[in-house]
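These notes concern the structure reproduced below.
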Amino acid sequence: MKNLSNQFPWQTVFPVGTVFLVGAGPGDPELITMRGAHLLAQADIIFHDHLGCEELIAAARPGAELVDVAKHPGKHTITQDEINHRMLTAARENKRVVRLKGGDPFVFGRGGEEAKFLADHGVRCEVVPGITSAIAAPGAAGIPVTHRGTARTFAVATTKGGDGSVPPIVHADTRIWLMGVSELPAIVGQMISDGVDPETPSALIADATTYRQRVVTGELRLMEALAQEHGIAPPAVLVVGDTARFARADTGARKVIVVTSTRIPSLLRKKESDAIFLWRSFFDAVPLDGEQLVLARVQLRKAITGDCLIFSNRHTIKFFVELMLLEGVDWRDVKARVGALGRESVEMMRELGVMPDFSVTASNADAVLGKLLSHVRGKSVFLVGGAEQGDSLLENLNREGISAERLPVFQYHERTPQPVDWDRVDEVFFAGPTAVQAFPIKYPEARVRDISAVCMGETVAQKARLMGFVAVRNIAALADHSGAGQNIGETNQRHGPCSGTEAGGLKHISTKEIGEQ
């Protein structure tokens with residue numbers, strides 16, 4: 001999730017020792033409020049429910065502690081009292097605490113209990129409202145909860161909590177039930193006994209606003225049978241009233257793509273502008289530490305005074321800049337010519353206000369090598385990358401007689417991705433061969449012969465074909481054929497909004513300015 005601080009400078013300042021109860025919204029990560037997203041990016045510790053979207057948890061800052069306090073029917077891994085006391089302890093340790101709750105914290109979310117507990121113990125607590133599924137689920141299915149001439153009132157209820165009885169909803173045009181799938185017989189029976197017409201239009205919306213969303217419609221008296229017939233399971237929302245006749249059928253027409261890289265490349269977004277992307281990264285890119293960091297700082301001094309520095313992706317550029325900041329140098333100290341592999345590397349440099357001396361894009365490793373050799377013949381080269389990262393390009397350059405070394409600026413940490421409903425997935429995107437190799441380990445239940453692979457480059461595509469995916473396409477090759485991925489070529493200056501001094505005839509911006517981008 002993109003940091004919005006530059007565009008929206010009024011973002012919330014997060015005081016230490018404060019607990020924010022943040023509503024995560026109904027499921028789609030883009031439906032959290034801007035304030036909620038800003039707080040997530042600043043929190044020291046996040047106590048989160050099962051939200052159904054890994055993207056929100058990924059918005060946490062590096063190093064933030066993530067505590068899963070999800071409650072499942074009959075499987076409470078942690079009690080409410082334990083949650084309360086752990087939040088209290090964290091706040092008293094002067095941590096910035098977020099309690100991330102599905103929907104809205106104060107709509108059947110026990111947020112009121114948590115806020116009262118913290119207030120009773122002298123801890124500052126603020127609430128960031130979220131979009132409740134009571135309105136979002138009907139809306140995502142095309143159902144207005146109010147409608148001129150049809151529905152002037154609506155009511156929301158649940159059978160969970162208290163004594164488990166079904167509360168009567170008599171005077172409302174639209175009746176909305178949350179967390180009621182397991183209690184459908186009781187809910188339907190109660191409403192009919194309260195005088196609601198058994199043939200009233202009704203709808204069940206499961207997994208609203210997510211890629212798994214399903215909508216089942218029918219008369220009130222038939223809803224239990226329809227739920228069983230279609231396999232509707234929690235979380236689902238029941239809507240009863242004349243406006244339910246506006247419900248749209250299942251929204252299954254959009255392509256669903258699982259993304260296994262640490263970010264979604266702009267090329268993929270452009271080519272699949274209407275797709276639903278599920279972020280399920282296998283690795284996190286994090287800064288170096290310990291002995292690796294010490295060695296990298298020494299290597300950096302050597303690299304910036306060499307002949308060529310080659311950046312292959314956004315991570316290499318981002319962490320290189322952070323390493324420069326740590327070492328007290330900036331782009332003015334870089335005497336080496338700078339090369340970028342791929343359009344995304346060029347875009348990242350442009351965002352920082354600096355342009356490479358040359359750039360290369362191609363659909364396969366052989367083409368990349370061929371184009372790169374014309375720029376680095378007879379020169380010493382440093383390839384900026386991750387620690388313990390295999391690099392066939394380095395080996396190929398050495399084989400061609402080029403003096404090439406690696407400059408590690410970050411490391412990868414493995415992560416366990418969230419589950420995926422593979423019956424709903426059309427394609428999986430892979431940015432590198434390592435992710436292809438890890439796929440059957442991370443998702444042994446996925447049937448590769450039923451899933452297509454989208455790959456960044458021919459090397460990755462070859463690996464996917466060997467893995468047995470039903471279809472494999474190389475989007476880098478498609479970009480080359482359309483002209484979108486053509487070689488940007490050599491430039492005489494690092495263009496863009498640059499300032500500062502010239503070095504070797506090339507303009508640079510200062511590291512201070514880069515840090516403020």
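By convention in this document, the chains of the structure tokens carry letters A, B, ... by their order, each chain's residues are numbered from 1, and ligands are numbered from 1 in the order they are shown.
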
(message) Give me, as a PyMOL selection string, all polymer residues having an atom no more than 12 Å from Asp391 of chain A, counting only C-alpha atoms and skipping those fewer than 5 positions away in the same chain.
(response) chain A and resi 312+365+383-386+396-398+404-408+432-434

Using N, CA, C and O atoms, can you export the residues from the last selection as a PDB file, in the first residue's frame?
```pdb
ATOM      1  N   SER A 312      18.809  -3.631 -10.982  1.00  0.00           N
ATOM      2  CA  SER A 312      17.934  -4.547 -11.717  1.00  0.00           C
ATOM      3  C   SER A 312      16.460  -4.444 -11.337  1.00  0.00           C
ATOM      4  O   SER A 312      15.605  -4.966 -12.048  1.00  0.00           O
ATOM      5  N   ALA A 365      17.087 -13.450 -20.888  1.00  0.00           N
ATOM      6  CA  ALA A 365      18.406 -13.190 -20.305  1.00  0.00           C
ATOM      7  C   ALA A 365      19.475 -12.990 -21.373  1.00  0.00           C
ATOM      8  O   ALA A 365      20.374 -12.152 -21.222  1.00  0.00           O
ATOM      9  N   LEU A 383      26.987  -5.329  -9.731  1.00  0.00           N
ATOM     10  CA  LEU A 383      25.556  -5.602  -9.845  1.00  0.00           C
ATOM     11  C   LEU A 383      24.928  -5.464  -8.467  1.00  0.00           C
ATOM     12  O   LEU A 383      25.271  -6.213  -7.541  1.00  0.00           O
ATOM     13  N   VAL A 384      24.035  -4.503  -8.311  1.00  0.00           N
ATOM     14  CA  VAL A 384      23.390  -4.259  -7.016  1.00  0.00           C
ATOM     15  C   VAL A 384      22.247  -5.256  -6.855  1.00  0.00           C
ATOM     16  O   VAL A 384      21.416  -5.421  -7.759  1.00  0.00           O
ATOM     17  N   GLY A 385      22.212  -5.952  -5.709  1.00  0.00           N
ATOM     18  CA  GLY A 385      21.183  -6.978  -5.519  1.00  0.00           C
ATOM     19  C   GLY A 385      20.993  -7.345  -4.064  1.00  0.00           C
ATOM     20  O   GLY A 385      21.362  -6.598  -3.159  1.00  0.00           O
ATOM     21  N   GLY A 386      20.404  -8.524  -3.852  1.00  0.00           N
ATOM     22  CA  GLY A 386      20.135  -9.014  -2.508  1.00  0.00           C
ATOM     23  C   GLY A 386      21.222  -9.952  -2.026  1.00  0.00           C
ATOM     24  O   GLY A 386      21.935 -10.567  -2.819  1.00  0.00           O
ATOM     25  N   ASN A 396      27.354 -14.818 -16.303  1.00  0.00           N
ATOM     26  CA  ASN A 396      27.490 -14.612 -17.748  1.00  0.00           C
ATOM     27  C   ASN A 396      28.448 -13.472 -18.078  1.00  0.00           C
ATOM     28  O   ASN A 396      29.212 -13.550 -19.046  1.00  0.00           O
ATOM     29  N   LEU A 397      28.423 -12.404 -17.279  1.00  0.00           N
ATOM     30  CA  LEU A 397      29.351 -11.296 -17.497  1.00  0.00           C
ATOM     31  C   LEU A 397      30.791 -11.754 -17.279  1.00  0.00           C
ATOM     32  O   LEU A 397      31.692 -11.419 -18.065  1.00  0.00           O
ATOM     33  N   ASN A 398      31.007 -12.504 -16.211  1.00  0.00           N
ATOM     34  CA  ASN A 398      32.353 -13.024 -15.947  1.00  0.00           C
ATOM     35  C   ASN A 398      32.813 -13.943 -17.077  1.00  0.00           C
ATOM     36  O   ASN A 398      33.989 -13.938 -17.464  1.00  0.00           O
ATOM     37  N   ALA A 404      33.093  -8.465 -12.985  1.00  0.00           N
ATOM     38  CA  ALA A 404      31.804  -8.144 -12.352  1.00  0.00           C
ATOM     39  C   ALA A 404      31.748  -8.688 -10.926  1.00  0.00           C
ATOM     40  O   ALA A 404      32.175  -9.818 -10.662  1.00  0.00           O
ATOM     41  N   GLU A 405      31.226  -7.853 -10.020  1.00  0.00           N
ATOM     42  CA  GLU A 405      31.039  -8.250  -8.624  1.00  0.00           C
ATOM     43  C   GLU A 405      29.609  -7.895  -8.211  1.00  0.00           C
ATOM     44  O   GLU A 405      28.920  -7.130  -8.866  1.00  0.00           O
ATOM     45  N   ARG A 406      29.190  -8.460  -7.087  1.00  0.00           N
ATOM     46  CA  ARG A 406      27.870  -8.147  -6.555  1.00  0.00           C
ATOM     47  C   ARG A 406      27.999  -7.178  -5.387  1.00  0.00           C
ATOM     48  O   ARG A 406      28.931  -7.268  -4.590  1.00  0.00           O
ATOM     49  N   LEU A 407      27.043  -6.247  -5.301  1.00  0.00           N
ATOM     50  CA  LEU A 407      26.944  -5.344  -4.160  1.00  0.00           C
ATOM     51  C   LEU A 407      25.603  -5.625  -3.489  1.00  0.00           C
ATOM     52  O   LEU A 407      24.557  -5.123  -3.923  1.00  0.00           O
ATOM     53  N   PRO A 408      25.574  -6.445  -2.440  1.00  0.00           N
ATOM     54  CA  PRO A 408      24.304  -6.725  -1.769  1.00  0.00           C
ATOM     55  C   PRO A 408      23.869  -5.527  -0.926  1.00  0.00           C
ATOM     56  O   PRO A 408      24.679  -4.949  -0.192  1.00  0.00           O
ATOM     57  N   GLY A 432      10.341 -13.903 -10.579  1.00  0.00           N
ATOM     58  CA  GLY A 432      11.648 -14.564 -10.639  1.00  0.00           C
ATOM     59  C   GLY A 432      11.517 -16.068 -10.516  1.00  0.00           C
ATOM     60  O   GLY A 432      10.494 -16.581 -10.042  1.00  0.00           O
ATOM     61  N   PRO A 433      12.540 -16.818 -10.913  1.00  0.00           N
ATOM     62  CA  PRO A 433      12.486 -18.282 -10.869  1.00  0.00           C
ATOM     63  C   PRO A 433      12.404 -18.847  -9.455  1.00  0.00           C
ATOM     64  O   PRO A 433      11.861 -19.930  -9.251  1.00  0.00           O
ATOM     65  N   THR A 434      12.924 -18.098  -8.461  1.00  0.00           N
ATOM     66  CA  THR A 434      12.870 -18.578  -7.078  1.00  0.00           C
ATOM     67  C   THR A 434      11.427 -18.722  -6.605  1.00  0.00           C
ATOM     68  O   THR A 434      11.071 -19.671  -5.899  1.00  0.00           O
TER      69      THR A 434
END
```

(request) Using only C-alpha atoms, determine which residues lie at most 6 Å from segment 93-97 of chain A, disregarding the query and same-chain residues fewer than 2 positions distant; provide the list as a VMD selection string. (result) chain A and resid 16 to 19 43 to 45 90 to 91

(message) When you look at segment 411-423 of chain A with a cut-off of 6 Å (counting only C-alpha atoms), what residues show up, excluding the ones that are within fewer than 2 positions of it in the same chain? I need them as a list in words.
(response) Arg280, Phe282, Phe283, Asp284, Ala285, Val286, Leu288, Gly386, Ala387 and Val425 of chain A

(request) Pick out each residue of segment 322-482 of chain A that DSSP on the backbone tags as helix (DSSP H, G or I); I need them as a VMD selection string. (result) chain A and resid 322 to 327 331 to 333 343 to 351 365 to 376 392 to 399 422 to 424 433 to 442 448 to 450 458 to 467 475 to 482

(message) Could you check the closest approach to Gly130 of chain A for each of A:Cys308, A:Val409, A:Ile32, A:Ala362 and tell me which residue wins, using only C-alpha atoms?
(response)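 Result for the nearest residue to Gly130 of chain A: A:Ile32.
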
(request) Please measure the separation of atom CA of Lys270 of chain A and atom CA of Lys371 of chain A, giving the value in Å to one decimal. (result)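 These atoms are spaced 25.4 Å apart.
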
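Atom CA of Val298 of chain A is positioned 20.4 Å from atom CA of Lys379 of chain A.
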
(request) Excluding Val239 of chain A and any residue of its chain fewer than 4 positions from it, enumerate the residues within 8 Å of it, using only C-alpha atoms, and give them as a ChimeraX atom specification. (result) /A:138,174-177,202-204,244

(message) Just the number, please: distance in Å from atom CA of Phe439 of chain A to atom CA of Ser281 of chain A, one decimal.
(response)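 It comes out at 10.4 Å.
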
(request) Step one, run DSSP on the backbone; step two, keep only residues of segment 83-277 of chain A assigned to strand (DSSP E); then write them as a PyMOL selection string. (result) chain A and resi 97-101+125-128+154-158+174-178+201-206+214-219+236-240+256-259+276-277

Any idea what's packed within 9 Å of Val256 of chain A, counting only C-alpha atoms, ignoring anything in its chain fewer than 5 positions away? Could you give it as a PDB file with C-alpha atoms, in the first residue's frame?
```
ATOM      1  CA  TYR A 211     -12.485 -11.963  -5.031  1.00  0.00           C
ATOM      2  CA  ALA A 275      -8.162  -7.850 -12.930  1.00  0.00           C
ATOM      3  CA  ILE A 276      -8.409  -8.481  -9.198  1.00  0.00           C
ATOM      4  CA  PHE A 277      -4.900  -8.808  -7.756  1.00  0.00           C
ATOM      5  CA  LEU A 278      -4.246 -10.902  -4.651  1.00  0.00           C
ATOM      6  CA  ARG A 424     -11.386 -18.787  -8.030  1.00  0.00           C
ATOM      7  CA  VAL A 425      -7.914 -18.034  -9.401  1.00  0.00           C
ATOM      8  CA  ASP A 426      -7.121 -17.649 -13.106  1.00  0.00           C
ATOM      9  CA  GLU A 427      -3.408 -16.840 -13.095  1.00  0.00           C
ATOM     10  CA  VAL A 428      -0.320 -16.581 -10.902  1.00  0.00           C
TER      11      VAL A 428
END
```

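Closest approach to Asp197 of chain A from the set A:Asp49, A:Asp366, A:Glu65, A:Asp173 is made by A:Asp173, with distances taken over only C-alpha atoms.
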